[in-house]
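Structure data (mmCIF, C-alpha atoms) from my_file30.cif:
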```cif
data_work
loop_
_atom_site.group_PDB
_atom_site.id
_atom_site.type_symbol
_atom_site.label_atom_id
_atom_site.label_comp_id
_atom_site.auth_asym_id
_atom_site.auth_seq_id
_atom_site.Cartn_x
_atom_site.Cartn_y
_atom_site.Cartn_z
ATOM 1 C CA MET A 1 138.014 146.321 55.539
ATOM 2 C CA MET A 2 139.008 147.691 58.921
ATOM 3 C CA VAL A 3 137.402 145.977 61.880
ATOM 4 C CA SER A 4 137.159 148.036 65.022
ATOM 5 C CA PRO A 5 137.103 146.040 68.238
ATOM 6 C CA CYS A 6 134.240 146.701 70.630
ATOM 7 C CA VAL A 7 135.433 147.062 74.190
ATOM 8 C CA VAL A 8 132.685 147.526 76.738
ATOM 9 C CA PRO A 9 133.477 150.580 78.862
ATOM 10 C CA GLN A 10 133.823 150.014 82.572
ATOM 11 C CA ALA A 11 134.245 152.301 85.550
ATOM 12 C CA SER A 12 137.917 153.092 85.933
ATOM 13 C CA SER A 13 139.782 151.263 88.614
ATOM 14 C CA ALA A 14 142.417 152.808 90.870
ATOM 15 C CA SER A 15 144.674 149.824 90.397
ATOM 16 C CA ASN A 16 146.635 149.235 87.213
ATOM 17 C CA THR A 17 146.555 145.453 87.576
ATOM 18 C CA ARG A 18 145.353 143.497 84.577
ATOM 19 C CA ARG A 19 141.800 142.255 84.942
ATOM 20 C CA ALA A 20 140.734 138.909 83.537
ATOM 21 C CA SER A 21 139.116 139.420 80.151
ATOM 22 C CA VAL A 22 136.316 137.710 78.256
ATOM 23 C CA LEU A 23 135.585 137.721 74.536
ATOM 24 C CA VAL A 24 131.874 137.416 73.776
ATOM 25 C CA ALA A 25 131.523 136.588 70.082
ATOM 26 C CA ASP A 26 127.823 136.536 69.276
ATOM 27 C CA PRO A 27 125.888 138.590 66.706
ATOM 28 C CA GLU A 28 122.922 138.821 69.110
ATOM 29 C CA ILE A 29 124.771 140.128 72.182
ATOM 30 C CA ASP A 30 125.461 143.844 72.562
ATOM 31 C CA VAL A 31 126.562 146.195 75.344
ATOM 32 C CA PHE A 32 123.010 146.269 76.759
ATOM 33 C CA SER A 33 122.788 142.499 77.250
ATOM 34 C CA PRO A 34 122.128 141.222 80.796
ATOM 35 C CA LEU A 35 125.026 138.795 80.277
ATOM 36 C CA VAL A 36 127.446 141.667 79.609
ATOM 37 C CA ALA A 37 126.190 143.478 82.720
ATOM 38 C CA ARG A 38 126.824 140.369 84.822
ATOM 39 C CA LEU A 39 130.307 139.863 83.357
ATOM 40 C CA LEU A 40 131.165 143.474 84.182
ATOM 41 C CA SER A 41 129.823 143.028 87.721
ATOM 42 C CA GLU A 42 132.261 140.102 88.074
ATOM 43 C CA GLY A 43 135.112 142.544 87.358
ATOM 44 C CA LEU A 44 135.918 141.154 83.912
ATOM 45 C CA ALA A 45 137.104 143.227 80.975
ATOM 46 C CA VAL A 46 134.516 142.492 78.277
ATOM 47 C CA ARG A 47 135.202 142.560 74.541
ATOM 48 C CA LEU A 48 132.389 142.020 72.041
ATOM 49 C CA ALA A 49 132.477 140.709 68.483
ATOM 50 C CA THR A 50 129.494 140.250 66.170
ATOM 51 C CA SER A 51 131.366 138.562 63.320
ATOM 52 C CA VAL A 52 134.206 136.100 62.758
ATOM 53 C CA ALA A 53 136.386 138.933 61.410
ATOM 54 C CA GLU A 54 135.816 141.049 64.529
ATOM 55 C CA ALA A 55 136.573 138.102 66.822
ATOM 56 C CA LYS A 56 139.833 137.349 64.994
ATOM 57 C CA ALA A 57 140.793 141.039 65.146
ATOM 58 C CA GLN A 58 140.205 140.939 68.910
ATOM 59 C CA LEU A 59 142.560 137.952 69.218
ATOM 60 C CA GLU A 60 145.346 139.820 67.413
ATOM 61 C CA SER A 61 145.343 142.551 70.052
ATOM 62 C CA ASP A 62 144.569 140.562 73.209
ATOM 63 C CA VAL A 63 144.287 136.928 74.257
ATOM 64 C CA PRO A 64 141.217 136.634 76.504
ATOM 65 C CA ASP A 65 141.086 134.470 79.612
ATOM 66 C CA PHE A 66 137.549 133.363 78.735
ATOM 67 C CA ALA A 67 135.524 133.237 75.515
ATOM 68 C CA LEU A 68 131.811 132.689 74.871
ATOM 69 C CA ILE A 69 131.282 131.817 71.208
ATOM 70 C CA GLU A 70 128.177 131.486 68.992
ATOM 71 C CA LEU A 71 128.467 129.207 65.952
ATOM 72 C CA LYS A 72 126.549 131.128 63.264
ATOM 73 C CA TYR A 73 127.756 134.422 61.719
ATOM 74 C CA ALA A 74 127.092 136.225 58.453
ATOM 75 C CA ASP A 75 130.797 135.954 57.530
ATOM 76 C CA GLY A 76 131.629 132.420 58.644
ATOM 77 C CA ASN A 77 131.187 130.091 61.578
ATOM 78 C CA GLY A 78 132.279 129.860 65.180
ATOM 79 C CA PHE A 79 134.474 126.832 64.529
ATOM 80 C CA GLU A 80 137.038 129.250 63.039
ATOM 81 C CA ILE A 81 137.080 131.243 66.286
ATOM 82 C CA VAL A 82 137.285 128.111 68.464
ATOM 83 C CA GLU A 83 140.216 126.865 66.362
ATOM 84 C CA ALA A 84 142.017 130.237 66.595
ATOM 85 C CA LEU A 85 141.552 130.246 70.389
ATOM 86 C CA ALA A 86 142.743 126.624 70.660
ATOM 87 C CA ASN A 87 145.951 127.602 68.854
ATOM 88 C CA LEU A 88 146.563 130.276 71.504
ATOM 89 C CA GLY A 89 146.063 127.588 74.144
ATOM 90 C CA THR A 90 145.307 129.716 77.218
ATOM 91 C CA THR A 91 141.619 130.594 76.915
ATOM 92 C CA ARG A 92 138.680 128.751 78.490
ATOM 93 C CA VAL A 93 136.238 128.503 75.572
ATOM 94 C CA VAL A 94 132.511 127.878 75.945
ATOM 95 C CA VAL A 95 130.291 127.557 72.880
ATOM 96 C CA GLN A 96 126.663 128.612 73.331
ATOM 97 C CA SER A 97 124.427 128.267 70.305
ATOM 98 C CA ILE A 98 120.934 127.403 69.151
ATOM 99 C CA TYR A 99 122.641 125.301 66.474
ATOM 100 C CA CYS A 100 124.069 122.791 68.937
ATOM 101 C CA ASN A 101 123.356 119.121 68.537
ATOM 102 C CA ILE A 102 125.392 116.129 69.688
ATOM 103 C CA ALA A 103 127.585 116.020 66.571
ATOM 104 C CA THR A 104 128.308 119.757 66.820
ATOM 105 C CA ALA A 105 129.067 119.501 70.541
ATOM 106 C CA VAL A 106 131.533 116.668 69.935
ATOM 107 C CA ARG A 107 133.225 118.643 67.157
ATOM 108 C CA VAL A 108 133.653 121.885 69.134
ATOM 109 C CA VAL A 109 135.027 120.013 72.148
ATOM 110 C CA ARG A 110 137.503 118.192 69.881
ATOM 111 C CA GLU A 111 138.549 121.556 68.477
ATOM 112 C CA GLY A 112 139.270 122.970 71.913
ATOM 113 C CA ALA A 113 136.074 124.170 73.598
ATOM 114 C CA SER A 114 135.759 123.396 77.306
ATOM 115 C CA ASP A 115 131.957 123.233 77.330
ATOM 116 C CA VAL A 116 128.923 123.557 75.080
ATOM 117 C CA LEU A 117 125.608 125.134 76.087
ATOM 118 C CA PRO A 118 122.308 125.446 74.237
ATOM 119 C CA LYS A 119 120.376 128.678 73.880
ATOM 120 C CA PRO A 120 118.478 129.989 75.688
ATOM 121 C CA MET A 121 120.077 129.397 79.078
ATOM 122 C CA GLU A 122 119.897 131.197 82.423
ATOM 123 C CA VAL A 123 122.627 133.856 82.744
ATOM 124 C CA ASP A 124 123.715 132.419 86.119
ATOM 125 C CA ILE A 125 124.327 129.009 84.571
ATOM 126 C CA VAL A 126 126.189 130.494 81.575
ATOM 127 C CA LEU A 127 128.365 132.476 83.968
ATOM 128 C CA ALA A 128 129.097 129.437 86.168
ATOM 129 C CA VAL A 129 130.078 127.294 83.175
ATOM 130 C CA LEU A 130 132.115 130.049 81.512
ATOM 131 C CA LEU A 131 134.090 130.851 84.646
ATOM 132 C CA GLY A 132 134.549 127.167 85.528
ATOM 133 C CA ARG A 133 132.582 127.386 88.760
ATOM 134 C CA ASN A 134 130.689 124.633 90.485
ATOM 135 C CA LEU A 135 127.172 124.621 89.033
ATOM 136 C CA GLU A 136 125.770 124.111 92.524
ATOM 137 C CA SER A 137 126.567 127.781 93.156
ATOM 138 C CA ALA A 138 124.281 128.812 90.279
ATOM 139 C CA PRO A 139 120.679 129.394 91.361
ATOM 140 C CA ILE A 140 118.344 126.820 89.848
ATOM 141 C CA PRO A 141 115.141 128.236 88.338
ATOM 142 C CA GLU A 142 111.982 127.382 90.264
ATOM 143 C CA THR A 143 110.475 125.678 87.250
ATOM 144 C CA ILE A 144 112.639 123.631 84.952
ATOM 145 C CA SER A 145 111.239 122.725 81.549
ATOM 146 C CA ARG A 146 110.920 119.095 80.637
ATOM 147 C CA PRO A 147 113.710 118.042 78.217
ATOM 148 C CA GLU A 148 111.124 117.119 75.560
ATOM 149 C CA ALA A 149 109.521 120.582 75.816
ATOM 150 C CA VAL A 150 112.935 122.233 75.406
ATOM 151 C CA ARG A 151 113.639 120.024 72.378
ATOM 152 C CA ILE A 152 110.304 120.908 70.733
ATOM 153 C CA GLU A 153 110.837 124.619 71.402
ATOM 154 C CA HIS A 154 114.299 124.371 69.813
ATOM 155 C CA ILE A 155 112.869 122.629 66.737
ATOM 156 C CA LYS A 156 110.132 125.285 66.433
ATOM 157 C CA ARG A 157 112.703 128.067 66.627
ATOM 158 C CA ILE A 158 114.916 126.523 63.918
ATOM 159 C CA TYR A 159 111.810 125.820 61.797
ATOM 160 C CA ALA A 160 110.846 129.516 61.980
ATOM 161 C CA MET A 161 114.423 130.600 61.194
ATOM 162 C CA CYS A 162 114.411 128.325 58.132
ATOM 163 C CA GLY A 163 111.290 130.028 56.781
ATOM 164 C CA ALA A 164 109.051 127.058 57.655
ATOM 165 C CA ASN A 165 110.974 124.888 55.185
ATOM 166 C CA VAL A 166 110.992 121.305 56.469
ATOM 167 C CA SER A 167 114.001 120.152 54.424
ATOM 168 C CA ARG A 168 116.176 123.111 55.490
ATOM 169 C CA THR A 169 115.105 122.632 59.107
ATOM 170 C CA ALA A 170 116.015 118.935 58.990
ATOM 171 C CA ARG A 171 119.465 119.785 57.572
ATOM 172 C CA ALA A 172 120.022 122.487 60.230
ATOM 173 C CA LEU A 173 119.108 119.992 62.949
ATOM 174 C CA SER A 174 121.139 117.144 61.373
ATOM 175 C CA MET A 175 117.953 115.120 61.354
ATOM 176 C CA HIS A 176 116.224 112.970 58.729
ATOM 177 C CA ARG A 177 113.366 114.888 57.091
ATOM 178 C CA ARG A 178 110.788 112.147 57.736
ATOM 179 C CA SER A 179 111.734 111.979 61.419
ATOM 180 C CA LEU A 180 111.241 115.723 61.655
ATOM 181 C CA GLN A 181 107.861 115.470 59.903
ATOM 182 C CA ARG A 182 106.706 112.805 62.403
ATOM 183 C CA ILE A 183 107.714 115.046 65.329
ATOM 184 C CA MET A 184 105.970 118.008 63.737
ATOM 185 C CA ALA A 185 102.773 116.021 63.103
ATOM 186 C CA ARG A 186 102.786 114.637 66.655
ATOM 187 C CA ASP A 187 103.312 118.079 68.238
ATOM 188 C CA SER A 188 100.894 120.002 65.983
ATOM 189 C CA PHE A 189 103.363 122.113 64.019
ATOM 190 C CA SER A 190 101.975 123.945 61.042
ATOM 191 C CA LEU A 191 103.462 122.133 58.051
ATOM 192 C CA GLU A 192 102.317 124.797 55.632
ATOM 193 C CA THR A 193 104.689 127.511 54.519
ATOM 194 C CA PRO A 194 103.547 130.935 55.726
#
```

Mind turning this structure into structure tokens?
Amino acid sequence: MMVSPCVVPQASSASNTRRASVLVADPEIDVFSPLVARLLSEGLAVRLATSVAEAKAQLESDVPDFALIELKYADGNGFEIVEALANLGTTRVVVQSIYCNIATAVRVVREGASDVLPKPMEVDIVLAVLLGRNLESAPIPETISRPEAVRIEHIKRIYAMCGANVSRTARALSMHRRSLQRIMARDSFSLETP
């Protein structure tokens, strides 16, 4: 199967100097994403991949300066991409995923990622972390959700993605099923399958 790399077009520049490049490997991010628009406005050459195979094909043709990696793909997982980038040794890798928990974060950092971010996250903060900038330069939203509210929203999202199956949700969250059921009962989740 031939994988064609997706390079986001950018206005041509008069200079022939190489621009810093970023690989965005995420099945949910396309050329119309606000994140891609911001990366382009920073003067970065943006390459997109929606699968592990596409990301690896990108790495064969060009080693990016930065990489933003999701963990879940139809054809594998982001750990393969993080490992491939770590072997190249020159890329700043940030993992951003809804599947992040403490164990996953520890693993991706051990395998070579510089930082780990949950989804969703403000584009300004993602950009600051990806480019290794001081987070003080990133505008802070006027209202910041309480950590417990963010946690519950994350659990609800995974629960919906798992088809309202408590056991699958607990496995996806690396959590004991009974602990998850207590949280769901306390926060008024619907425990019935739709």

For stretch 153-155 of chain A, work out the shell of residues within 8 Å, counting all atoms listed in the file and skipping chain neighbours fewer than 5 positions away, then give it as a compact mmCIF listing (two decimals) with C-alpha atoms, keeping the file's coordinate frame.
```
# COMPACT_ATOMS: atom_id res chain seq x y z
CA ILE A 98 120.93 127.40 69.15
CA THR A 169 115.10 122.63 59.11
CA LEU A 173 119.11 119.99 62.95
```

Which residues come within 8 Å of A:Val95, counting all atoms listed in the file, excluding same-chain residues fewer than 6 positions away, as a PyMOL selection string? chain A and resi 68-71+108+113+115-117

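Here the question is which of A:Pro120, A:Gly163, A:Gly132, A:Pro27 gets nearest to A:Ala74 using all atoms listed in the file, and that residue is A:Pro27.
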
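What the PyMOL selection byres ((chain A and resi 24) around 9) matches in the given file is A:Val22, A:Leu23, A:Ala25, A:Asp26, A:Ile29, A:Val36, A:Val46, A:Arg47, A:Leu48, A:Ala49, A:Thr50, A:Ala55, A:Phe66, A:Ala67, A:Leu68, A:Ile69, A:Glu70.
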
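Using all atoms listed in the file, the nearest neighbour of A:Val52 within the list A:Ala105, A:Met121, A:Val82, A:Leu40 is A:Val82.
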
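Shortest atom-to-atom contact with A:Asp75 among A:Ala53, A:Ala149, A:Ile183, A:Leu130: A:Ala53, counting all atoms listed in the file.
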
Smallest atom-to-atom distance to A:Val126: which of A:Ala103, A:Ile152, A:Val94, A:Ala185, using all atoms listed in the file? A:Val94

Starting from the PyMOL selection byres ((chain A and resi 35) around 10), expand the selection into actual residues of this file and give them as number ranges by chain. A: 24, 29-34, 36-41, 122-124, 126-127

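Atom pair atom CA of A:Arg186 / atom CA of A:Cys162 has a distance of 19.9 Å (rounded to one decimal).
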
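Taking atom CA of A:Asn134 and atom CA of A:Arg110 as the two end points, the separation is 22.6 Å.
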
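Taking atom CA of A:Leu44 and atom CA of A:Val93 as endpoints, the distance between them is 15.2 Å.
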
Would you compute the box with edges along x, y and z of the file around stretch 123-136 of chain A, including every atom the file lists for it and 8 Å extra on each side, and give its centre and edge lengths in Å to one decimal, as JSON?
```
{"center_x": 128.6, "center_y": 129.0, "center_z": 87.0, "size_x": 27.9, "size_y": 25.7, "size_z": 27.0}
```

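Within 12 Å of the point (142.4, 120.2, 76.4), counting only C-alpha atoms, the protein and nucleic acid residues come to Leu85, Ala86, Asn87, Leu88, Gly89, Thr90, Thr91, Arg92, Val93, Val108, Val109, Arg110, Glu111, Gly112, Ala113, Ser114 and Asp115 of chain A.
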
I would like the residues chosen by the PyMOL selection byres ((chain A and resi 20) around 6) on the shown file; could you give them as a list in words? Arg19, Ser21, Leu44 and Asp65 of chain A

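With all atoms listed in the file as the atoms that count, the residue of A:Pro118, A:Lys72, A:Ile125, A:Ala84 with the shortest distance to A:Ala172 is A:Lys72.
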
Could you model all heavy atoms for stretch 28-39 of chain A and present them as a compact mmCIF listing (two decimals), keeping the file's coordinate frame?
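Saved file out24.txt follows:
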```txt
# COMPACT_ATOMS: atom_id res chain seq x y z
N GLU A 28 124.13 138.39 68.41
CA GLU A 28 122.92 138.82 69.11
C GLU A 28 123.20 139.50 70.44
O GLU A 28 122.29 139.99 71.09
CB GLU A 28 122.00 137.62 69.34
CG GLU A 28 121.49 136.99 68.06
CD GLU A 28 120.64 135.77 68.32
OE1 GLU A 28 120.54 135.33 69.47
OE2 GLU A 28 120.06 135.26 67.34
N ILE A 29 124.45 139.54 70.87
CA ILE A 29 124.77 140.13 72.18
C ILE A 29 125.43 141.48 71.97
O ILE A 29 126.41 141.60 71.24
CB ILE A 29 125.67 139.19 73.01
CG1 ILE A 29 124.90 137.91 73.34
CG2 ILE A 29 126.14 139.88 74.28
CD1 ILE A 29 125.66 136.89 74.16
N ASP A 30 124.88 142.50 72.65
CA ASP A 30 125.46 143.84 72.56
C ASP A 30 125.75 144.37 73.97
O ASP A 30 125.59 143.65 74.95
CB ASP A 30 124.52 144.79 71.79
CG ASP A 30 123.16 144.93 72.45
OD1 ASP A 30 123.02 144.63 73.67
OD2 ASP A 30 122.21 145.35 71.76
N VAL A 31 126.17 145.61 74.06
CA VAL A 31 126.56 146.20 75.34
C VAL A 31 125.41 146.27 76.35
O VAL A 31 125.64 146.42 77.54
CB VAL A 31 127.19 147.60 75.18
CG1 VAL A 31 128.50 147.52 74.44
CG2 VAL A 31 126.24 148.55 74.47
N PHE A 32 124.16 146.16 75.87
CA PHE A 32 123.01 146.27 76.76
C PHE A 32 122.52 144.90 77.25
O PHE A 32 121.54 144.82 77.97
CB PHE A 32 121.86 147.00 76.05
CG PHE A 32 122.27 148.35 75.54
CD1 PHE A 32 122.46 148.57 74.19
CD2 PHE A 32 122.51 149.40 76.43
CE1 PHE A 32 122.85 149.81 73.72
CE2 PHE A 32 122.92 150.63 75.97
CZ PHE A 32 123.09 150.84 74.61
N SER A 33 123.20 143.85 76.87
CA SER A 33 122.79 142.50 77.25
C SER A 33 122.96 142.27 78.75
O SER A 33 123.93 142.70 79.36
CB SER A 33 123.66 141.49 76.49
OG SER A 33 123.58 140.22 77.08
N PRO A 34 122.00 141.56 79.38
CA PRO A 34 122.13 141.22 80.80
C PRO A 34 123.40 140.41 81.08
O PRO A 34 124.00 140.54 82.13
CB PRO A 34 120.87 140.39 81.10
CG PRO A 34 119.90 140.74 80.03
CD PRO A 34 120.70 141.12 78.83
N LEU A 35 123.80 139.59 80.11
CA LEU A 35 125.03 138.79 80.28
C LEU A 35 126.24 139.71 80.40
O LEU A 35 127.09 139.51 81.27
CB LEU A 35 125.21 137.83 79.10
CG LEU A 35 126.52 137.03 79.12
CD1 LEU A 35 126.56 136.06 80.30
CD2 LEU A 35 126.71 136.28 77.81
N VAL A 36 126.32 140.73 79.55
CA VAL A 36 127.45 141.67 79.61
C VAL A 36 127.45 142.39 80.95
O VAL A 36 128.50 142.55 81.58
CB VAL A 36 127.40 142.66 78.42
CG1 VAL A 36 128.44 143.76 78.59
CG2 VAL A 36 127.60 141.92 77.11
N ALA A 37 126.28 142.80 81.41
CA ALA A 37 126.19 143.48 82.72
C ALA A 37 126.71 142.58 83.84
O ALA A 37 127.45 143.02 84.72
CB ALA A 37 124.75 143.91 83.00
N ARG A 38 126.35 141.30 83.80
CA ARG A 38 126.82 140.37 84.82
C ARG A 38 128.33 140.14 84.74
O ARG A 38 129.01 140.05 85.75
CB ARG A 38 126.09 139.02 84.69
CG ARG A 38 124.66 139.06 85.14
CD ARG A 38 124.52 139.33 86.65
NE ARG A 38 125.25 138.35 87.44
CZ ARG A 38 124.82 137.13 87.72
NH1 ARG A 38 123.64 136.74 87.29
NH2 ARG A 38 125.55 136.31 88.44
N LEU A 39 128.86 140.04 83.52
CA LEU A 39 130.31 139.86 83.36
C LEU A 39 131.06 141.07 83.92
O LEU A 39 132.09 140.92 84.58
CB LEU A 39 130.65 139.64 81.88
CG LEU A 39 130.20 138.30 81.28
CD1 LEU A 39 130.33 138.33 79.77
CD2 LEU A 39 130.99 137.14 81.87
```
